[in-house]
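Quick look at start_17.cif (mmCIF, C-alpha atoms):
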```cif
data_entry
#
loop_
_atom_site.group_PDB
_atom_site.id
_atom_site.type_symbol
_atom_site.label_atom_id
_atom_site.label_comp_id
_atom_site.auth_asym_id
_atom_site.auth_seq_id
_atom_site.Cartn_x
_atom_site.Cartn_y
_atom_site.Cartn_z
ATOM 1 C CA MET A 1 -32.654 25.822 -37.800
ATOM 2 C CA ALA A 2 -33.330 22.778 -35.638
ATOM 3 C CA ALA A 3 -32.122 24.603 -32.556
ATOM 4 C CA ALA A 4 -34.290 27.598 -33.409
ATOM 5 C CA ALA A 5 -37.300 25.371 -34.004
ATOM 6 C CA GLY A 6 -36.756 23.755 -30.613
ATOM 7 C CA ALA A 7 -36.687 27.131 -28.927
ATOM 8 C CA VAL A 8 -39.787 28.222 -30.818
ATOM 9 C CA ALA A 9 -41.643 25.083 -29.813
ATOM 10 C CA ALA A 10 -40.749 25.334 -26.139
ATOM 11 C CA GLY A 11 -43.203 28.092 -25.255
ATOM 12 C CA GLY A 12 -43.010 27.530 -21.467
ATOM 13 C CA MET A 13 -42.468 30.121 -18.761
ATOM 14 C CA VAL A 14 -38.981 31.352 -18.020
ATOM 15 C CA SER A 15 -37.823 33.118 -14.900
ATOM 16 C CA PRO A 16 -38.300 36.881 -14.520
ATOM 17 C CA GLY A 17 -34.529 37.193 -14.739
ATOM 18 C CA PHE A 18 -34.446 36.052 -18.370
ATOM 19 C CA ALA A 19 -32.573 39.220 -19.372
ATOM 20 C CA GLN A 20 -29.556 38.087 -17.325
ATOM 21 C CA ALA A 21 -28.888 35.416 -19.951
ATOM 22 C CA ASP A 22 -28.753 36.420 -23.602
ATOM 23 C CA ALA A 23 -32.346 35.831 -24.639
ATOM 24 C CA LEU A 24 -31.649 37.262 -28.109
ATOM 25 C CA PRO A 25 -28.163 35.961 -28.985
ATOM 26 C CA SER A 26 -28.325 36.892 -32.679
ATOM 27 C CA TRP A 27 -28.971 40.548 -31.822
ATOM 28 C CA ASN A 28 -26.138 42.999 -31.248
ATOM 29 C CA ASP A 29 -26.338 45.001 -28.048
ATOM 30 C CA GLY A 30 -27.871 48.377 -28.778
ATOM 31 C CA PRO A 31 -31.016 50.484 -28.426
ATOM 32 C CA ALA A 32 -33.231 48.129 -30.467
ATOM 33 C CA LYS A 33 -32.365 45.031 -28.461
ATOM 34 C CA ARG A 34 -32.572 46.896 -25.176
ATOM 35 C CA SER A 35 -35.980 48.354 -26.024
ATOM 36 C CA ILE A 36 -37.365 44.881 -26.774
ATOM 37 C CA LEU A 37 -35.976 43.295 -23.614
ATOM 38 C CA ASP A 38 -37.063 46.256 -21.501
ATOM 39 C CA PHE A 39 -40.625 46.116 -22.837
ATOM 40 C CA ILE A 40 -40.955 42.380 -22.244
ATOM 41 C CA ALA A 41 -39.507 42.664 -18.737
ATOM 42 C CA ARG A 42 -41.785 45.563 -17.786
ATOM 43 C CA THR A 43 -44.972 43.996 -19.125
ATOM 44 C CA THR A 44 -44.395 40.572 -17.563
ATOM 45 C CA THR A 45 -43.303 41.623 -14.054
ATOM 46 C CA PRO A 46 -46.201 40.951 -11.631
ATOM 47 C CA GLY A 47 -47.114 44.024 -9.649
ATOM 48 C CA GLY A 48 -45.164 46.339 -11.925
ATOM 49 C CA PRO A 49 -46.772 49.514 -13.301
ATOM 50 C CA ASP A 50 -46.651 48.223 -16.891
ATOM 51 C CA TRP A 51 -47.728 44.633 -16.191
ATOM 52 C CA VAL A 52 -49.992 43.212 -18.918
ATOM 53 C CA PRO A 53 -52.385 40.367 -18.025
ATOM 54 C CA VAL A 54 -51.626 37.181 -19.954
ATOM 55 C CA PRO A 55 -54.831 37.224 -22.079
ATOM 56 C CA GLU A 56 -53.886 40.692 -23.339
ATOM 57 C CA ARG A 57 -50.335 39.749 -24.366
ATOM 58 C CA ILE A 58 -50.990 39.869 -28.116
ATOM 59 C CA ALA A 59 -48.027 40.279 -30.474
ATOM 60 C CA CYS A 60 -48.591 40.786 -34.217
ATOM 61 C CA PHE A 61 -45.946 40.433 -36.913
ATOM 62 C CA ASP A 62 -46.021 41.227 -40.586
ATOM 63 C CA ASN A 63 -44.510 38.386 -42.624
ATOM 64 C CA ASP A 64 -42.882 39.587 -45.866
ATOM 65 C CA GLY A 65 -39.762 41.590 -45.035
ATOM 66 C CA THR A 66 -40.370 41.272 -41.295
ATOM 67 C CA LEU A 67 -39.995 37.529 -40.725
ATOM 68 C CA TRP A 68 -38.416 36.471 -44.037
ATOM 69 C CA THR A 69 -36.832 37.943 -47.174
ATOM 70 C CA GLU A 70 -39.271 39.635 -49.553
ATOM 71 C CA GLN A 71 -36.893 40.749 -52.322
ATOM 72 C CA PRO A 72 -36.642 40.686 -55.316
ATOM 73 C CA ILE A 73 -40.379 39.845 -55.507
ATOM 74 C CA TYR A 74 -42.844 38.719 -52.864
ATOM 75 C CA VAL A 75 -42.616 34.957 -52.375
ATOM 76 C CA GLN A 76 -46.292 34.428 -53.137
ATOM 77 C CA ILE A 77 -45.810 36.200 -56.478
ATOM 78 C CA ALA A 78 -42.924 33.822 -57.236
ATOM 79 C CA PHE A 79 -45.295 30.933 -56.461
ATOM 80 C CA ALA A 80 -47.991 32.408 -58.719
ATOM 81 C CA VAL A 81 -45.477 32.964 -61.544
ATOM 82 C CA ASP A 82 -44.434 29.312 -61.384
ATOM 83 C CA ARG A 83 -48.115 28.327 -61.371
ATOM 84 C CA VAL A 84 -48.685 30.354 -64.573
ATOM 85 C CA LYS A 85 -45.849 28.509 -66.290
ATOM 86 C CA ALA A 86 -47.158 25.126 -65.112
ATOM 87 C CA LEU A 87 -50.736 25.879 -66.224
ATOM 88 C CA ALA A 88 -49.825 27.597 -69.527
ATOM 89 C CA PRO A 89 -50.353 24.496 -71.728
ATOM 90 C CA GLN A 90 -54.007 24.533 -70.646
ATOM 91 C CA HIS A 91 -54.335 28.241 -71.546
ATOM 92 C CA PRO A 92 -52.840 29.010 -74.998
ATOM 93 C CA GLU A 93 -54.485 32.468 -74.883
ATOM 94 C CA TRP A 94 -52.045 33.460 -72.137
ATOM 95 C CA ARG A 95 -49.223 33.796 -74.665
ATOM 96 C CA THR A 96 -50.700 37.078 -75.918
ATOM 97 C CA LEU A 97 -52.820 38.127 -72.919
ATOM 98 C CA GLU A 98 -51.398 40.328 -70.165
ATOM 99 C CA PRO A 99 -50.311 39.891 -67.455
ATOM 100 C CA PHE A 100 -49.639 36.265 -68.396
ATOM 101 C CA ARG A 101 -47.650 37.151 -71.527
ATOM 102 C CA SER A 102 -45.077 38.980 -69.409
ATOM 103 C CA VAL A 103 -44.821 36.041 -67.004
ATOM 104 C CA LEU A 104 -44.256 33.522 -69.791
ATOM 105 C CA ALA A 105 -41.724 35.829 -71.474
ATOM 106 C CA ASP A 106 -39.966 36.321 -68.111
ATOM 107 C CA ASP A 107 -40.239 40.071 -68.675
ATOM 108 C CA ARG A 108 -39.554 41.353 -65.153
ATOM 109 C CA ALA A 109 -39.739 45.026 -66.150
ATOM 110 C CA ALA A 110 -43.167 44.574 -67.724
ATOM 111 C CA LEU A 111 -44.321 42.587 -64.710
ATOM 112 C CA ALA A 112 -43.242 45.319 -62.324
ATOM 113 C CA ALA A 113 -45.088 47.895 -64.429
ATOM 114 C CA LEU A 114 -48.323 45.902 -64.132
ATOM 115 C CA GLY A 115 -48.497 46.740 -60.448
ATOM 116 C CA GLU A 116 -51.021 45.432 -57.957
ATOM 117 C CA LYS A 117 -53.797 44.993 -60.521
ATOM 118 C CA GLY A 118 -51.668 42.667 -62.643
ATOM 119 C CA PHE A 119 -50.525 40.656 -59.658
ATOM 120 C CA LEU A 120 -54.100 40.240 -58.443
ATOM 121 C CA GLU A 121 -55.068 38.916 -61.884
ATOM 122 C CA ILE A 122 -52.229 36.413 -61.786
ATOM 123 C CA ILE A 123 -53.142 35.277 -58.281
ATOM 124 C CA ALA A 124 -56.838 34.984 -59.136
ATOM 125 C CA ALA A 125 -56.083 32.836 -62.196
ATOM 126 C CA THR A 126 -53.571 30.573 -60.470
ATOM 127 C CA HIS A 127 -55.170 30.217 -57.024
ATOM 128 C CA SER A 128 -58.793 29.545 -57.973
ATOM 129 C CA GLY A 129 -60.657 26.418 -59.014
ATOM 130 C CA LEU A 130 -58.844 24.239 -56.484
ATOM 131 C CA THR A 131 -60.199 22.810 -53.278
ATOM 132 C CA THR A 132 -58.593 24.261 -50.177
ATOM 133 C CA GLU A 133 -56.877 20.907 -49.573
ATOM 134 C CA ALA A 134 -55.481 20.770 -53.120
ATOM 135 C CA PHE A 135 -54.250 24.350 -52.870
ATOM 136 C CA ALA A 136 -52.532 23.683 -49.533
ATOM 137 C CA LYS A 137 -50.778 20.689 -51.114
ATOM 138 C CA ALA A 138 -49.692 22.782 -54.112
ATOM 139 C CA VAL A 139 -48.203 25.381 -51.742
ATOM 140 C CA ALA A 140 -46.475 22.745 -49.594
ATOM 141 C CA ASP A 141 -45.010 21.000 -52.656
ATOM 142 C CA TRP A 142 -43.756 24.289 -54.098
ATOM 143 C CA ILE A 143 -42.275 25.637 -50.854
ATOM 144 C CA ALA A 144 -40.370 22.360 -50.430
ATOM 145 C CA THR A 145 -38.695 22.591 -53.845
ATOM 146 C CA ALA A 146 -38.562 26.250 -54.964
ATOM 147 C CA ARG A 147 -35.315 28.166 -54.613
ATOM 148 C CA HIS A 148 -34.613 31.853 -54.118
ATOM 149 C CA PRO A 149 -33.011 33.290 -57.302
ATOM 150 C CA ARG A 150 -30.088 34.952 -55.485
ATOM 151 C CA PHE A 151 -29.346 32.621 -52.583
ATOM 152 C CA GLN A 152 -30.349 29.357 -54.292
ATOM 153 C CA ARG A 153 -31.865 28.124 -51.055
ATOM 154 C CA PRO A 154 -35.429 27.210 -50.104
ATOM 155 C CA TYR A 155 -37.435 30.287 -49.229
ATOM 156 C CA THR A 156 -37.993 28.870 -45.751
ATOM 157 C CA ASP A 157 -34.202 28.995 -45.226
ATOM 158 C CA LEU A 158 -34.472 32.765 -45.615
ATOM 159 C CA VAL A 159 -36.354 33.435 -42.403
ATOM 160 C CA TYR A 160 -34.679 35.810 -39.980
ATOM 161 C CA GLN A 161 -32.883 34.117 -37.106
ATOM 162 C CA PRO A 162 -33.175 37.186 -34.829
ATOM 163 C CA MET A 163 -36.954 37.211 -35.336
ATOM 164 C CA LEU A 164 -37.220 33.478 -34.616
ATOM 165 C CA GLU A 165 -35.506 34.199 -31.301
ATOM 166 C CA LEU A 166 -37.882 37.074 -30.611
ATOM 167 C CA LEU A 167 -40.946 34.924 -31.346
ATOM 168 C CA ALA A 168 -39.629 32.241 -28.991
ATOM 169 C CA LEU A 169 -38.893 34.765 -26.243
ATOM 170 C CA LEU A 170 -42.354 36.305 -26.464
ATOM 171 C CA ARG A 171 -44.049 32.916 -26.266
ATOM 172 C CA ALA A 172 -41.850 31.954 -23.334
ATOM 173 C CA GLN A 173 -43.274 35.015 -21.585
ATOM 174 C CA GLN A 174 -46.836 33.960 -22.445
ATOM 175 C CA PHE A 175 -47.410 36.291 -25.367
ATOM 176 C CA LYS A 176 -49.609 34.911 -28.140
ATOM 177 C CA THR A 177 -47.911 35.515 -31.501
ATOM 178 C CA PHE A 178 -49.846 36.224 -34.684
ATOM 179 C CA ILE A 179 -48.933 36.833 -38.300
ATOM 180 C CA VAL A 180 -50.834 39.771 -39.813
ATOM 181 C CA SER A 181 -49.734 39.924 -43.443
ATOM 182 C CA GLY A 182 -50.813 41.242 -46.807
ATOM 183 C CA GLY A 183 -49.930 37.796 -48.154
ATOM 184 C CA GLY A 184 -52.607 35.209 -48.798
ATOM 185 C CA ILE A 185 -53.842 33.455 -45.688
ATOM 186 C CA GLU A 186 -54.058 30.093 -47.434
ATOM 187 C CA PHE A 187 -50.605 30.528 -48.929
ATOM 188 C CA MET A 188 -49.070 31.011 -45.470
ATOM 189 C CA ARG A 189 -50.998 28.530 -43.345
ATOM 190 C CA PRO A 190 -49.461 25.312 -44.777
ATOM 191 C CA TRP A 191 -45.976 26.172 -43.491
ATOM 192 C CA THR A 192 -46.043 28.878 -40.782
ATOM 193 C CA GLU A 193 -46.373 26.466 -37.876
ATOM 194 C CA HIS A 194 -43.370 24.426 -38.981
ATOM 195 C CA VAL A 195 -41.230 27.478 -39.729
ATOM 196 C CA TYR A 196 -42.290 30.035 -37.097
ATOM 197 C CA GLY A 197 -44.211 28.010 -34.534
ATOM 198 C CA ILE A 198 -47.336 30.028 -35.410
ATOM 199 C CA PRO A 199 -50.346 27.734 -35.991
ATOM 200 C CA PRO A 200 -52.849 28.300 -38.828
ATOM 201 C CA GLU A 201 -55.493 29.793 -36.554
ATOM 202 C CA GLN A 202 -53.047 32.569 -35.602
ATOM 203 C CA VAL A 203 -52.437 33.668 -39.194
ATOM 204 C CA VAL A 204 -54.345 36.677 -40.529
ATOM 205 C CA GLY A 205 -53.909 37.481 -44.209
ATOM 206 C CA SER A 206 -55.552 38.512 -47.437
ATOM 207 C CA SER A 207 -58.206 36.027 -48.467
ATOM 208 C CA GLY A 208 -60.361 35.025 -51.392
ATOM 209 C CA VAL A 209 -63.882 33.682 -51.520
ATOM 210 C CA THR A 210 -64.376 29.954 -50.993
ATOM 211 C CA ARG A 211 -67.509 28.044 -51.946
ATOM 212 C CA TYR A 212 -68.934 25.044 -50.130
ATOM 213 C CA ARG A 213 -70.127 22.160 -52.289
ATOM 214 C CA LEU A 214 -70.733 18.423 -52.146
ATOM 215 C CA ARG A 215 -68.704 15.963 -54.163
ATOM 216 C CA PRO A 216 -70.541 13.274 -56.180
ATOM 217 C CA ASP A 217 -69.987 10.881 -53.270
ATOM 218 C CA GLY A 218 -71.727 13.300 -50.907
ATOM 219 C CA SER A 219 -68.609 14.464 -49.032
ATOM 220 C CA PRO A 220 -68.151 18.221 -48.588
ATOM 221 C CA GLU A 221 -65.360 20.410 -49.908
ATOM 222 C CA LEU A 222 -64.417 24.074 -50.123
ATOM 223 C CA VAL A 223 -63.399 25.434 -53.526
ATOM 224 C CA LYS A 224 -61.370 28.610 -54.015
ATOM 225 C CA GLU A 225 -62.979 31.177 -56.314
ATOM 226 C CA ALA A 226 -61.396 34.006 -58.309
ATOM 227 C CA LYS A 227 -62.879 36.680 -56.049
ATOM 228 C CA VAL A 228 -61.095 38.745 -53.430
ATOM 229 C CA MET A 229 -62.825 38.786 -50.054
ATOM 230 C CA PHE A 230 -60.381 40.778 -47.896
ATOM 231 C CA ILE A 231 -57.063 42.608 -48.416
ATOM 232 C CA ASP A 232 -55.033 42.526 -45.213
ATOM 233 C CA ASP A 233 -52.735 45.433 -45.948
ATOM 234 C CA GLY A 234 -52.566 49.074 -44.891
ATOM 235 C CA PRO A 235 -55.840 49.958 -43.137
ATOM 236 C CA GLY A 236 -56.936 46.359 -43.672
ATOM 237 C CA LYS A 237 -54.491 45.209 -40.999
ATOM 238 C CA PRO A 238 -56.176 46.810 -37.976
ATOM 239 C CA GLU A 239 -59.518 45.827 -39.502
ATOM 240 C CA GLY A 240 -58.328 42.233 -39.786
ATOM 241 C CA ILE A 241 -56.927 42.264 -36.252
ATOM 242 C CA ASN A 242 -60.280 43.448 -34.949
ATOM 243 C CA GLN A 243 -62.237 40.912 -36.988
ATOM 244 C CA PHE A 244 -60.093 37.813 -36.561
ATOM 245 C CA ILE A 245 -58.196 38.352 -33.286
ATOM 246 C CA GLY A 246 -60.592 40.535 -31.319
ATOM 247 C CA ARG A 247 -57.903 42.143 -29.136
ATOM 248 C CA ARG A 248 -55.683 45.121 -29.853
ATOM 249 C CA PRO A 249 -52.030 44.039 -29.850
ATOM 250 C CA VAL A 250 -49.613 45.452 -27.301
ATOM 251 C CA PHE A 251 -46.616 44.484 -29.469
ATOM 252 C CA ALA A 252 -46.383 44.862 -33.252
ATOM 253 C CA PHE A 253 -43.567 44.553 -35.784
ATOM 254 C CA GLY A 254 -43.530 45.466 -39.466
ATOM 255 C CA ASN A 255 -41.132 46.732 -42.099
ATOM 256 C CA SER A 256 -43.039 48.800 -44.643
ATOM 257 C CA ASP A 257 -45.726 51.386 -45.291
ATOM 258 C CA GLY A 258 -48.241 48.546 -45.469
ATOM 259 C CA ASP A 259 -47.692 48.068 -41.719
ATOM 260 C CA LYS A 260 -48.121 51.715 -40.732
ATOM 261 C CA GLN A 261 -51.776 51.442 -39.734
ATOM 262 C CA MET A 262 -51.177 48.265 -37.723
ATOM 263 C CA LEU A 263 -48.484 50.051 -35.725
ATOM 264 C CA GLU A 264 -50.679 53.126 -35.279
ATOM 265 C CA TRP A 265 -53.539 50.911 -34.042
ATOM 266 C CA THR A 266 -51.203 49.224 -31.576
ATOM 267 C CA ALA A 267 -49.826 52.549 -30.341
ATOM 268 C CA ALA A 268 -53.327 53.961 -29.774
ATOM 269 C CA GLY A 269 -54.077 51.518 -26.959
ATOM 270 C CA SER A 270 -53.626 52.286 -23.281
ATOM 271 C CA GLY A 271 -50.707 51.125 -21.170
ATOM 272 C CA ALA A 272 -47.312 49.915 -22.344
ATOM 273 C CA ARG A 273 -46.966 49.462 -26.122
ATOM 274 C CA PHE A 274 -44.180 48.330 -28.451
ATOM 275 C CA MET A 275 -44.018 49.274 -32.140
ATOM 276 C CA GLY A 276 -41.080 48.093 -34.251
ATOM 277 C CA LEU A 277 -39.852 48.337 -37.838
ATOM 278 C CA VAL A 278 -37.199 46.253 -39.581
ATOM 279 C CA HIS A 279 -35.103 48.553 -41.770
ATOM 280 C CA HIS A 280 -33.340 46.681 -44.572
ATOM 281 C CA THR A 281 -29.844 48.174 -44.630
ATOM 282 C CA ASP A 282 -27.604 45.202 -45.466
ATOM 283 C CA ALA A 283 -27.024 44.792 -49.198
ATOM 284 C CA VAL A 284 -24.245 42.254 -48.614
ATOM 285 C CA ARG A 285 -26.037 39.726 -46.407
ATOM 286 C CA GLU A 286 -29.585 40.480 -47.608
ATOM 287 C CA TYR A 287 -30.883 43.649 -49.352
ATOM 288 C CA ALA A 288 -30.827 47.396 -48.741
ATOM 289 C CA TYR A 289 -33.977 49.367 -49.597
ATOM 290 C CA ASP A 290 -36.534 51.757 -48.141
ATOM 291 C CA ARG A 291 -38.272 54.798 -49.682
ATOM 292 C CA PRO A 292 -38.139 54.172 -53.464
ATOM 293 C CA SER A 293 -38.577 50.392 -53.366
ATOM 294 C CA ALA A 294 -41.347 48.762 -55.415
ATOM 295 C CA VAL A 295 -41.268 45.874 -52.923
ATOM 296 C CA GLY A 296 -41.557 46.646 -49.218
ATOM 297 C CA GLN A 297 -41.444 50.438 -49.528
ATOM 298 C CA LEU A 298 -40.593 52.090 -46.214
ATOM 299 C CA ASP A 299 -41.383 55.775 -46.522
ATOM 300 C CA LYS A 300 -44.330 57.177 -44.552
ATOM 301 C CA ALA A 301 -44.018 54.531 -41.847
ATOM 302 C CA TRP A 302 -40.345 55.395 -41.430
ATOM 303 C CA ASP A 303 -41.162 59.079 -40.990
ATOM 304 C CA GLU A 304 -43.822 58.266 -38.428
ATOM 305 C CA ALA A 305 -41.516 55.879 -36.578
ATOM 306 C CA LEU A 306 -38.902 58.622 -36.265
ATOM 307 C CA ARG A 307 -41.475 61.172 -35.159
ATOM 308 C CA ARG A 308 -43.130 58.905 -32.593
ATOM 309 C CA HIS A 309 -39.920 57.208 -31.383
ATOM 310 C CA TRP A 310 -40.871 53.691 -32.420
ATOM 311 C CA THR A 311 -38.080 51.111 -32.404
ATOM 312 C CA ILE A 312 -36.273 50.857 -35.755
ATOM 313 C CA VAL A 313 -34.095 47.788 -36.241
ATOM 314 C CA ASP A 314 -31.104 48.486 -38.473
ATOM 315 C CA MET A 315 -30.501 45.074 -40.039
ATOM 316 C CA LYS A 316 -26.815 45.697 -40.798
ATOM 317 C CA ASN A 317 -25.933 46.975 -37.336
ATOM 318 C CA ASP A 318 -28.452 45.284 -35.035
ATOM 319 C CA TRP A 319 -28.302 41.677 -36.265
ATOM 320 C CA LYS A 320 -25.206 39.525 -35.796
ATOM 321 C CA VAL A 321 -26.590 36.982 -38.238
ATOM 322 C CA ILE A 322 -29.595 37.173 -40.542
ATOM 323 C CA TYR A 323 -30.410 33.581 -41.463
ATOM 324 C CA PRO A 324 -30.366 30.362 -39.414
ATOM 325 C CA PHE A 325 -27.940 28.678 -41.831
ATOM 326 C CA GLU A 326 -25.279 31.218 -40.842
ATOM 327 C CA LEU A 327 -25.090 29.471 -37.466
ATOM 328 C CA ARG A 328 -24.188 26.087 -38.917
#
```
Any chance you could put this one into structure tokens?
Amino acid sequence: MAAAAGAVAAGGMVSPGFAQADALPSWNDGPAKRSILDFIARTTTPGGPDWVPVPERIACFDNDGTLWTEQPIYVQIAFAVDRVKALAPQHPEWRTLEPFRSVLADDRAALAALGEKGFLEIIAATHSGLTTEAFAKAVADWIATARHPRFQRPYTDLVYQPMLELLALLRAQQFKTFIVSGGGIEFMRPWTEHVYGIPPEQVVGSSGVTRYRLRPDGSPELVKEAKVMFIDDGPGKPEGINQFIGRRPVFAFGNSDGDKQMLEWTAAGSGARFMGLVHHTDAVREYAYDRPSAVGQLDKAWDEALRRHWTIVDMKNDWKVIYPFELR
């Protein structure tokens, strides 16, 4: 992980002949790797027909399932579930009130049946009422101690080594890398710079309303409210890119139907374009799922990727390793 972080932090120019060395050592040779290297080489060669000016080198990545493991439940939901359990003594009504009853009873089937509406209720109840600073600290404290139920490792250990290498390579070629995720923007910002090398201002995500107020001592603060302001998923992704980035990406990576519109928006631009999907095919080293999955469903986006010849990364066959700890 330290070696990957060093590469991510480097961010300087490399020679046009970067492809002569193995710029993506955790990727197996194959069509996916070649398509990535070919696109980067073509768009960064001065005078070439596909050259992209540096200010236009915008690369957008989904987070859950694209940069780190999203199964068996989204990481932010795991955080919210733990928050419900921690706050339950202050809310005795939760023992009989859904969706909190299912959380406290650890009823995973009932939780899954609640769907998006139930999850939004849980997030609203557990993420609101805190100042933005207090919420960031709660996230940082949790991410430092929480463990994935299958791997028994910190969630930040379960980032994808091949994608860390790709992020580093893009930045070395003067691409600006962004996260564009359905996850909460304030849930991601406390740790993305440390883990991915992506600073807070380059994170686009779903967001709630915050309210400005003065403390009794006259100092200002922002308080999170239980109101949704923006959902950065599906059609919300190109809308968020337009609103918060202001440039159409030339490179975009996702893994699910929630990323379909972001990839379509990227593809609709002029000049060279790269659209990629991570296909989870490795049940031994990670998880295998696509069309019927309740988490990270890949159905319509997969069909469109096949039809439009987007790059599909087969996790089992295209990645030599999945996680940084496999290199130790």
Would you give me, as a tab-separated table, each residue of range 142-198 of chain A having an atom within 10 Å of an atom of range 75-95 of chain A, along with its shortest atom pair and that distance in Å to one decimal, using all atoms listed in the file and sorting by chain and residue number?
```
residue	atom	partner	partner_atom	distance
A:Trp142	CA	A:Phe79	CA	7.2
A:Ile143	CA	A:Phe79	CA	8.3
A:Ala146	CA	A:Phe79	CA	8.3
A:Arg147	CA	A:Ala78	CA	9.8
A:His148	CA	A:Val75	CA	8.8
A:Pro149	CA	A:Ala78	CA	9.9
A:Tyr155	CA	A:Val75	CA	7.7
A:Gly183	CA	A:Gln76	CA	7.0
A:Gly184	CA	A:Gln76	CA	7.7
A:Phe187	CA	A:Gln76	CA	7.2
A:Met188	CA	A:Gln76	CA	8.8
```
How many Å lie between CA of Ile73 in chain A and CA of Gly115 in chain A, rounded to one decimal?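 Value for the CA of Ile73 in chain A-CA of Gly115 in chain A distance: 11.7 Å.
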Report as a list in words all protein, DNA and RNA residues lying within 10 Å of Glu70 in chain A, evaluated on all atoms listed in the file, omitting residues in the same chain fewer than 3 positions from it. Asn63, Asp64, Gly65, Thr66, Leu67, Ile73, Tyr74, Val75, Gln76, Tyr155, Leu158, Val159, Glu286, Tyr287, Val295 and Gly296 of chain A
Taking the file as I've supplied it (selection: the PyMOL selection byres ((chain A and resi 200-205) around 9)), which residues are included? Please answer as an NGL selection string. :A and (176-186 or 188-193 or 198-199 or 206-207 or 230-233 or 237 or 240-241 or 244-245)
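If you apply the PyMOL selection byres ((chain A and resi 262) around 8) to this structure, you end up with A:Gly234, A:Pro235, A:Lys237, A:Pro238, A:Ala252, A:Asp259, A:Lys260, A:Gln261, A:Leu263, A:Glu264, A:Trp265, A:Thr266.
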Nearest to Gly269 in chain A, chosen from A:Asp38, A:Glu56, A:Glu304, A:Asp29, with all atoms listed in the file counted in the distances: A:Glu56
Atom pair CA of Ala124 in chain A / CA of Val103 in chain A: separation (Å): 14.4 Å
For a test of reading the model, state the distance in Å between CA of Ala41 in chain A and CA of Val313 in chain A, rounded to one decimal.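 A separation of 19.0 Å between them.
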Would you kindly translate the PyMOL selection byres ((chain A and resi 227) around 9) into the concrete residues it picks from this file, as a ChimeraX atom specification? /A:124,128,207-210,224-226,228-229
Nearest candidate to Ala32 in chain A (options A:Leu120, A:Ala283, A:Ala172, A:Met275; using all atoms listed in the file):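 Result for the nearest residue to Ala32 in chain A: A:Met275.
With only C-alpha atoms as the atoms that count, the residue of A:Asp157, A:Glu165, A:Asp22, A:Asp62 with the shortest distance to Leu277 in chain A is A:Asp62.
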Go through A:Gly197, A:Trp68, A:Glu221, A:Thr281 one by one, measure the shortest atom-to-atom distance of each to Thr156 in chain A using all atoms listed in the file, and give the residue with the smallest value.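 Among the listed residues, A:Trp68 lies closest to Thr156 in chain A.
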Smallest atom-to-atom distance to Cys60 in chain A: which of A:Val284, A:Val223, A:Ala125, A:Leu167, using all atoms listed in the file?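 When distances to Cys60 in chain A are compared using all atoms listed in the file, the smallest one comes from A:Leu167.
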For a quick check of understanding, using all atoms listed in the file, which of A:Val139, A:Ala294, A:Ile40, A:Ile312 has the smallest distance to Ala113 in chain A?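 The closest residue to Ala113 in chain A is A:Ala294.
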Counting all atoms listed in the file, find the residues whose atoms lie at most 8 Å from (-33.6, 36.6, -24.3) (file coordinates) and write them out as a PyMOL selection string. chain A and resi 18-19+21-25+37+165-166+169
Write out as a PDB file with C-alpha atoms, keeping the file's coordinate frame each polymer residue whose atoms come within 9 Å of Gly271 in chain A, counting all atoms listed in the file; drop sequence neighbours fewer than 4 positions from it.
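And here is the file that came out, result20.pdb:
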```
ATOM      1  CA  PRO A  49     -46.772  49.514 -13.301  1.00  0.00           C
ATOM      2  CA  ASP A  50     -46.651  48.223 -16.891  1.00  0.00           C
ATOM      3  CA  TRP A  51     -47.728  44.633 -16.191  1.00  0.00           C
ATOM      4  CA  VAL A  52     -49.992  43.212 -18.918  1.00  0.00           C
ATOM      5  CA  VAL A 250     -49.613  45.452 -27.301  1.00  0.00           C
TER       6      VAL A 250
END
```
